[in-house]
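The structure file upload-v9.cif is reproduced below (mmCIF, C-alpha atoms and all ligand atoms).
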data_query
loop_
_atom_site.label_atom_id
_atom_site.label_comp_id
_atom_site.auth_asym_id
_atom_site.auth_seq_id
_atom_site.Cartn_x
_atom_site.Cartn_y
_atom_site.Cartn_z
CA MET W 515 -20.38 -21.02 13.90
CA GLY W 516 -19.01 -22.05 17.29
CA LEU W 517 -16.17 -24.39 17.98
CA MET W 518 -17.99 -27.36 19.37
CA ALA W 519 -16.12 -29.65 21.68
CA LEU W 520 -16.66 -32.90 23.47
CA ARG W 521 -16.33 -32.44 27.20
CA PRO W 522 -15.32 -35.11 29.70
CA ILE W 523 -18.29 -36.45 31.68
CA VAL W 524 -17.94 -35.97 35.41
CA LYS W 525 -18.49 -39.11 37.49
CA TRP W 526 -20.33 -39.86 40.73
CA GLY W 527 -18.46 -38.46 43.72
CA ASP W 528 -17.49 -35.15 42.13
CA PRO W 529 -19.04 -32.35 44.25
CA VAL W 530 -20.48 -30.62 41.16
CA LEU W 531 -22.92 -33.55 40.78
CA HIS W 532 -24.05 -33.44 44.38
CA SER W 533 -24.96 -29.78 44.88
CA PRO W 534 -27.75 -27.68 43.32
CA ALA W 535 -26.75 -25.75 40.19
CA ALA W 536 -27.32 -22.01 39.74
CA SER W 537 -30.01 -20.50 37.53
CA VAL W 538 -28.87 -18.96 34.27
CA ALA W 539 -29.30 -15.19 34.55
CA ASP W 540 -28.53 -14.30 30.95
CA ILE W 541 -28.61 -16.55 27.89
CA ASP W 542 -25.46 -15.23 26.24
CA GLY W 543 -22.89 -16.72 23.87
CA THR W 544 -21.25 -18.66 26.68
CA VAL W 545 -24.51 -20.45 27.40
CA THR W 546 -25.24 -21.25 23.74
CA ALA W 547 -21.68 -22.59 23.35
CA LEU W 548 -22.17 -24.67 26.50
CA VAL W 549 -25.38 -26.14 25.08
CA ASP W 550 -23.66 -26.98 21.78
CA ASP W 551 -20.96 -28.84 23.68
CA MET W 552 -23.55 -30.64 25.81
CA VAL W 553 -25.41 -31.86 22.71
CA GLN W 554 -22.19 -33.09 21.08
CA THR W 555 -21.10 -34.79 24.28
CA MET W 556 -24.53 -36.44 24.76
CA TYR W 557 -24.57 -37.79 21.19
CA ALA W 558 -21.00 -39.04 21.40
CA ALA W 559 -21.53 -40.87 24.70
CA PRO W 560 -24.16 -41.90 23.46
CA GLY W 561 -26.95 -40.85 25.80
CA ILE W 562 -30.52 -39.55 25.70
CA GLY W 563 -29.98 -36.71 28.15
CA LEU W 564 -27.31 -34.58 29.78
CA ALA W 565 -27.26 -31.84 32.41
CA ALA W 566 -24.59 -29.13 32.60
CA PRO W 567 -23.18 -30.32 35.97
CA GLN W 568 -22.27 -33.59 34.21
CA ILE W 569 -19.64 -31.70 32.27
CA GLY W 570 -18.59 -29.79 35.38
CA ILE W 571 -20.66 -26.64 34.82
CA PRO W 572 -22.95 -25.81 37.78
CA LEU W 573 -25.74 -24.20 35.75
CA ARG W 574 -29.40 -25.13 35.29
CA VAL W 575 -29.24 -26.29 31.68
CA ILE W 576 -30.37 -29.66 30.28
CA VAL W 577 -30.49 -31.34 26.89
CA ILE W 578 -32.60 -34.37 25.95
CA ASP W 579 -32.93 -36.31 22.70
CA LEU W 580 -34.68 -39.67 22.97
CA SER W 581 -33.58 -40.48 19.40
CA VAL W 582 -29.89 -39.70 20.20
CA GLY W 583 -29.75 -37.46 17.13
CA GLU W 584 -31.38 -39.99 14.78
CA GLU W 585 -34.63 -38.05 14.29
CA LYS W 586 -34.97 -34.39 13.46
CA GLY W 587 -37.01 -32.33 15.90
CA GLN W 588 -36.37 -34.57 18.89
CA LEU W 589 -33.69 -32.41 20.49
CA ILE W 590 -34.80 -30.46 23.56
CA LYS W 591 -32.53 -27.74 24.97
CA LEU W 592 -33.87 -26.13 28.10
CA VAL W 593 -32.54 -23.41 30.38
CA ASN W 594 -33.77 -23.10 34.00
CA PRO W 595 -36.22 -26.02 33.60
CA GLU W 596 -38.68 -26.84 36.35
CA ILE W 597 -41.41 -29.38 36.86
CA VAL W 598 -44.66 -27.47 37.29
CA GLU W 599 -47.08 -30.43 37.32
CA ARG W 600 -46.64 -34.09 38.16
CA GLU W 601 -49.07 -36.97 38.50
CA GLY W 602 -49.07 -40.74 38.87
CA GLU W 603 -46.09 -43.07 39.21
CA GLN W 604 -43.86 -45.20 37.00
CA ARG W 605 -40.83 -47.32 37.69
CA GLN W 606 -38.38 -48.30 34.97
CA GLU W 607 -34.68 -49.05 34.88
CA GLU W 608 -32.48 -45.96 34.54
CA GLY W 609 -28.83 -45.49 33.90
CA CYS W 610 -26.67 -42.39 33.94
CA LEU W 611 -23.54 -41.33 32.05
CA SER W 612 -22.06 -40.21 35.38
CA LEU W 613 -22.37 -43.75 36.81
CA PRO W 614 -21.35 -45.95 33.89
CA GLY W 615 -22.09 -49.61 34.49
CA PHE W 616 -24.80 -49.01 37.12
CA GLY W 617 -28.58 -48.98 36.96
CA GLY W 618 -31.58 -48.66 39.22
CA THR W 619 -35.34 -48.22 39.20
CA PRO W 620 -36.35 -45.01 40.97
CA THR W 621 -40.03 -44.09 41.25
CA ARG W 622 -40.90 -41.27 38.87
CA PRO W 623 -44.12 -39.43 38.04
CA ALA W 624 -46.09 -41.00 35.18
CA ARG W 625 -46.69 -37.57 33.70
CA VAL W 626 -45.00 -34.21 34.14
CA VAL W 627 -45.31 -30.73 32.73
CA VAL W 628 -41.96 -28.99 32.45
CA LYS W 629 -41.37 -25.30 31.84
CA GLY W 630 -38.15 -23.54 30.95
CA LEU W 631 -36.53 -21.20 28.47
CA ASP W 632 -35.21 -21.96 25.02
CA LEU W 633 -31.95 -20.41 23.81
CA GLU W 634 -33.82 -17.37 22.50
CA GLY W 635 -35.18 -16.76 25.99
CA ASN W 636 -38.74 -17.78 25.08
CA GLU W 637 -40.73 -19.77 27.59
CA ARG W 638 -41.27 -23.38 26.53
CA SER W 639 -43.56 -25.94 28.06
CA TYR W 640 -43.57 -29.73 27.58
CA ALA W 641 -46.15 -32.26 28.72
CA ALA W 642 -44.39 -35.62 28.94
CA THR W 643 -45.17 -39.25 29.79
CA ASP W 644 -43.22 -42.54 29.73
CA LEU W 645 -39.53 -42.24 28.81
CA LEU W 646 -39.63 -38.49 28.16
CA ALA W 647 -41.14 -37.86 31.62
CA ARG W 648 -38.40 -40.00 33.18
CA ALA W 649 -35.72 -38.17 31.19
CA PHE W 650 -36.99 -34.75 32.32
CA CYS W 651 -37.09 -35.90 35.96
CA HIS W 652 -33.63 -37.46 35.74
CA GLU W 653 -32.03 -34.37 34.17
CA ILE W 654 -33.82 -31.89 36.44
CA ASP W 655 -32.66 -34.00 39.40
CA HIS W 656 -29.10 -33.49 38.12
CA ILE W 657 -29.40 -29.70 38.36
CA ASP W 658 -30.81 -30.14 41.87
CA GLY W 659 -27.72 -32.16 42.82
CA LEU W 660 -29.53 -35.52 42.83
CA LEU W 661 -28.74 -38.74 41.00
CA PHE W 662 -31.08 -41.71 40.49
CA VAL W 663 -29.20 -43.50 43.26
CA ASP W 664 -30.51 -40.92 45.72
CA ARG W 665 -34.10 -41.94 44.84
CA LEU W 666 -33.72 -45.68 45.47
CA SER W 667 -34.89 -47.46 48.60
CA PRO W 668 -32.42 -47.02 51.52
CA LEU W 669 -31.26 -50.63 51.22
CA LYS W 670 -30.55 -50.44 47.48
CA ARG W 671 -29.10 -46.97 47.80
CA ASP W 672 -26.61 -47.99 50.48
CA LEU W 673 -25.57 -51.09 48.56
CA LEU W 674 -25.01 -49.10 45.37
CA LYS W 675 -23.19 -46.28 47.17
CA ARG W 676 -20.70 -48.72 48.66
CA LYS W 677 -19.86 -49.90 45.15
CA LEU W 678 -19.78 -46.34 43.83
CA ARG W 679 -17.43 -45.14 46.54
CA LYS W 680 -15.00 -47.86 45.54
CA LYS W 681 -15.25 -46.88 41.86
CA ALA W 682 -14.77 -43.20 42.70
CA ARG W 683 -11.79 -43.96 44.92
CA THR W 684 -9.98 -45.92 42.23
CA ASN W 685 -11.48 -43.86 39.37
CA ASP W 686 -12.07 -47.19 37.65
CA TRP W 687 -15.36 -46.84 35.73
CA ASP W 688 -16.70 -49.31 33.15
CA GLU W 689 -16.92 -47.14 30.06
NI NI Z 701 -27.77 -38.86 34.53
#
Here is the file; what I need is its structure written in the form of structure tokens.
Ligand code: NI
Amino acid sequence: MGLMALRPIVKWGDPVLHSPAASVADIDGTVTALVDDMVQTMYAAPGIGLAAPQIGIPLRVIVIDLSVGEEKGQLIKLVNPEIVEREGEQRQEEGCLSLPGFGGTPTRPARVVVKGLDLEGNERSYAATDLLARAFCHEIDHIDGLLFVDRLSPLKRDLLKRKLRKKARTNDWDE
């Protein structure tokens, strides 16, 4: 049994959120402990997804649970995930735990196929649509150093970034 801990969520402006994360070379005890902490932190927030850079760890690890822990079998823990197929488009409002109080509607694929490794090192594959497809894209963007803001139209992006820079400068987030 590990000692699970809530980790502080890193906010927009921290370099760890804006640079690509490294692939996990070896799924050892450090990685499984990291994933435990990520799940706890996601549920406590509460949120439906979290990527390791959001707790300051620049590794390609994501967790997603659309039920926020309410339904068994919904929790997805994926190491080195990548989108291997994408088709169509959807646009829905998204938020992010690293930009509390802000939202936007980036264009996402309607359907994706995502591959990655589970904590036993086995390859896992998910075909996803709707909210789950958006969640995969959002979290995989995080490990590529991208936030939903970066996928908005230039006008909306610039407007939002002006507000975000002010928040980051004063470290005054609506939580
Ligand atoms: Ni996010």
TODO: For ligand NI 701 (chain Z), list the contacting residues at 6 Å or closer, counting only C-alpha atoms and all ligand atoms, as an NGL selection string.
DONE: :W and (610-612)
Open item on the list: Please list as a list of chain:residue names every residue within 6 Å of Arg638 in chain W, counting only C-alpha atoms and excluding residues in the same chain fewer than 6 positions away.
Closed with: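 Residues meeting the cut-off are W:Lys629, W:Gly630, W:Leu631.
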Task: Contact residues around Thr544 in chain W with all atoms listed in the file at 12 Å, ignoring same-chain residues under 4 positions, as JSON, numbers by chain - done: {"W": [516, 517, 518, 538, 539, 540, 548, 549, 550, 551, 571, 573, 633]}
- [ ] Select, from W:Ser533, W:Thr619, W:Thr555, W:Ser639, the residue with the minimum atom-to-atom distance to Gly659 in chain W, counting all atoms listed in the file.
- [x] W:Ser533
Task: W:Ile590, W:Ile597, W:Gly561, W:His656 ranked by distance to Pro529 in chain W, top pick (using only C-alpha atoms) - done: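 Going through W:Ile590, W:Ile597, W:Gly561, W:His656 one by one, the smallest distance to Pro529 in chain W is for W:His656.
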- [ ] Do a neighbour search on Val575 in chain W at 9 Å with only C-alpha atoms, toss out local chain neighbours closer than 4 positions, and write the hits as a list in words.
- [x]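 Once the nearby chain positions are removed, what remains is Ala535, Ser537, Val538, Val545, Leu548, Val549, Leu564, Ala565, Ala566, Pro567, Lys591, Leu592, Val593, Asn594, Pro595, Glu653, Ile654 and Ile657 of chain W.
Counting from CA of Val582 in chain W, the distance to CA of Lys677 in chain W is 28.8 Å.
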- [ ] Take CA of Ala536 in chain W and CA of Ala624 in chain W and report the distance between them in Å, one decimal.
- [x]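 Computing it gives 27.1 Å between the two atoms.
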Open item on the list: I'd like the interatomic distance between CA of Arg574 in chain W and CA of Asp658 in chain W, to a tenth of an Å.
Closed with: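 Separation between CA of Arg574 in chain W and CA of Asp658 in chain W: 8.4 Å.
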- [ ] Would you please work out which residue, of W:Glu585, W:Asp644, W:Asp655, W:Asp686, is nearest to Gln568 in chain W when using all atoms listed in the file?
- [x]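 Closest to Gln568 in chain W, using all atoms listed in the file: W:Asp655.
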Open item on the list: Using all atoms listed in the file, can you tell me which of W:Ile576, W:Leu666, W:Met552, W:Ala559 comes closest to Phe650 in chain W?
Closed with: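 Counting all atoms listed in the file, the residue closest to Phe650 in chain W is W:Ile576.
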TODO: Fewer than 5 positions away in the same chain doesn't count, so skip those; otherwise give me all residues within 8 Å of Glu603 in chain W, counting all atoms listed in the file, as a list in words.
DONE: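 Residues meeting the cut-off are Thr621, Arg622, Pro623, Ala624 and Arg625 of chain W.
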Task: Selected residue, from W:Gly635, W:Gln554, W:Thr684, W:Arg605, that lies nearest to Asp542 in chain W when counting all atoms listed in the file - done: W:Gly635
Can you sort out the box for range 584-596 of chain W, edges along x, y and z, all listed atoms in, 4 Å on every side, with centre and edge lengths in Å to one decimal, as JSON?
{"center_x": -35.0, "center_y": -31.5, "center_z": 24.9, "size_x": 15.3, "size_y": 24.9, "size_z": 30.9}
Task: Who sits within 8 Å of Trp526 in chain W, only C-alpha atoms, same chain under 3 positions skipped, as number ranges by chain - done: W: 531, 612-613, 678, 682
